[in-house]
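A short worksheet on the structure shown next.
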Amino acid sequence: MIRITAVEPIGDSKVKLTLTDGSVVERDLSRFLSNPLFASLAADPDLFRRVSVEGGTLVWSNGLDLCPDMIIWGGPPPLNEQARAS
């Protein structure tokens, strides 16, 4: 199961992620930030940039976190390795 090992904020809603398989990907989290639950992150870029990794997922000091599968795959992970590579 692929998880996140490191995060670097690269904008008001984007992050660069290092994954457990060694790959590095960029993800735009704006679709999550539009959810009222994450309004504090959308409203406060400094808070958003204080993101860290715990247990393979992204977390913030205000207690918010995001499911790593949603961040990495946009939903459940692919069932086969070929789909994972694309």
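By order in the structure tokens, chains are A, B, ...; within a chain, residues start at 1; ligands start at 1, following the order shown.
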DSSP alpha helix (DSSP H) selection over chain A, as a ChimeraX atom specification: /A:30-33,39-43,45-49,68-73,81-85
Name all residues at most 9 Å from range 55-63 of chain A (count only C-alpha atoms; drop same-chain ones fewer than 3 positions away) and give them as a ChimeraX atom specification. /A:2-7,19-20,40-41,47-52,66-69,71
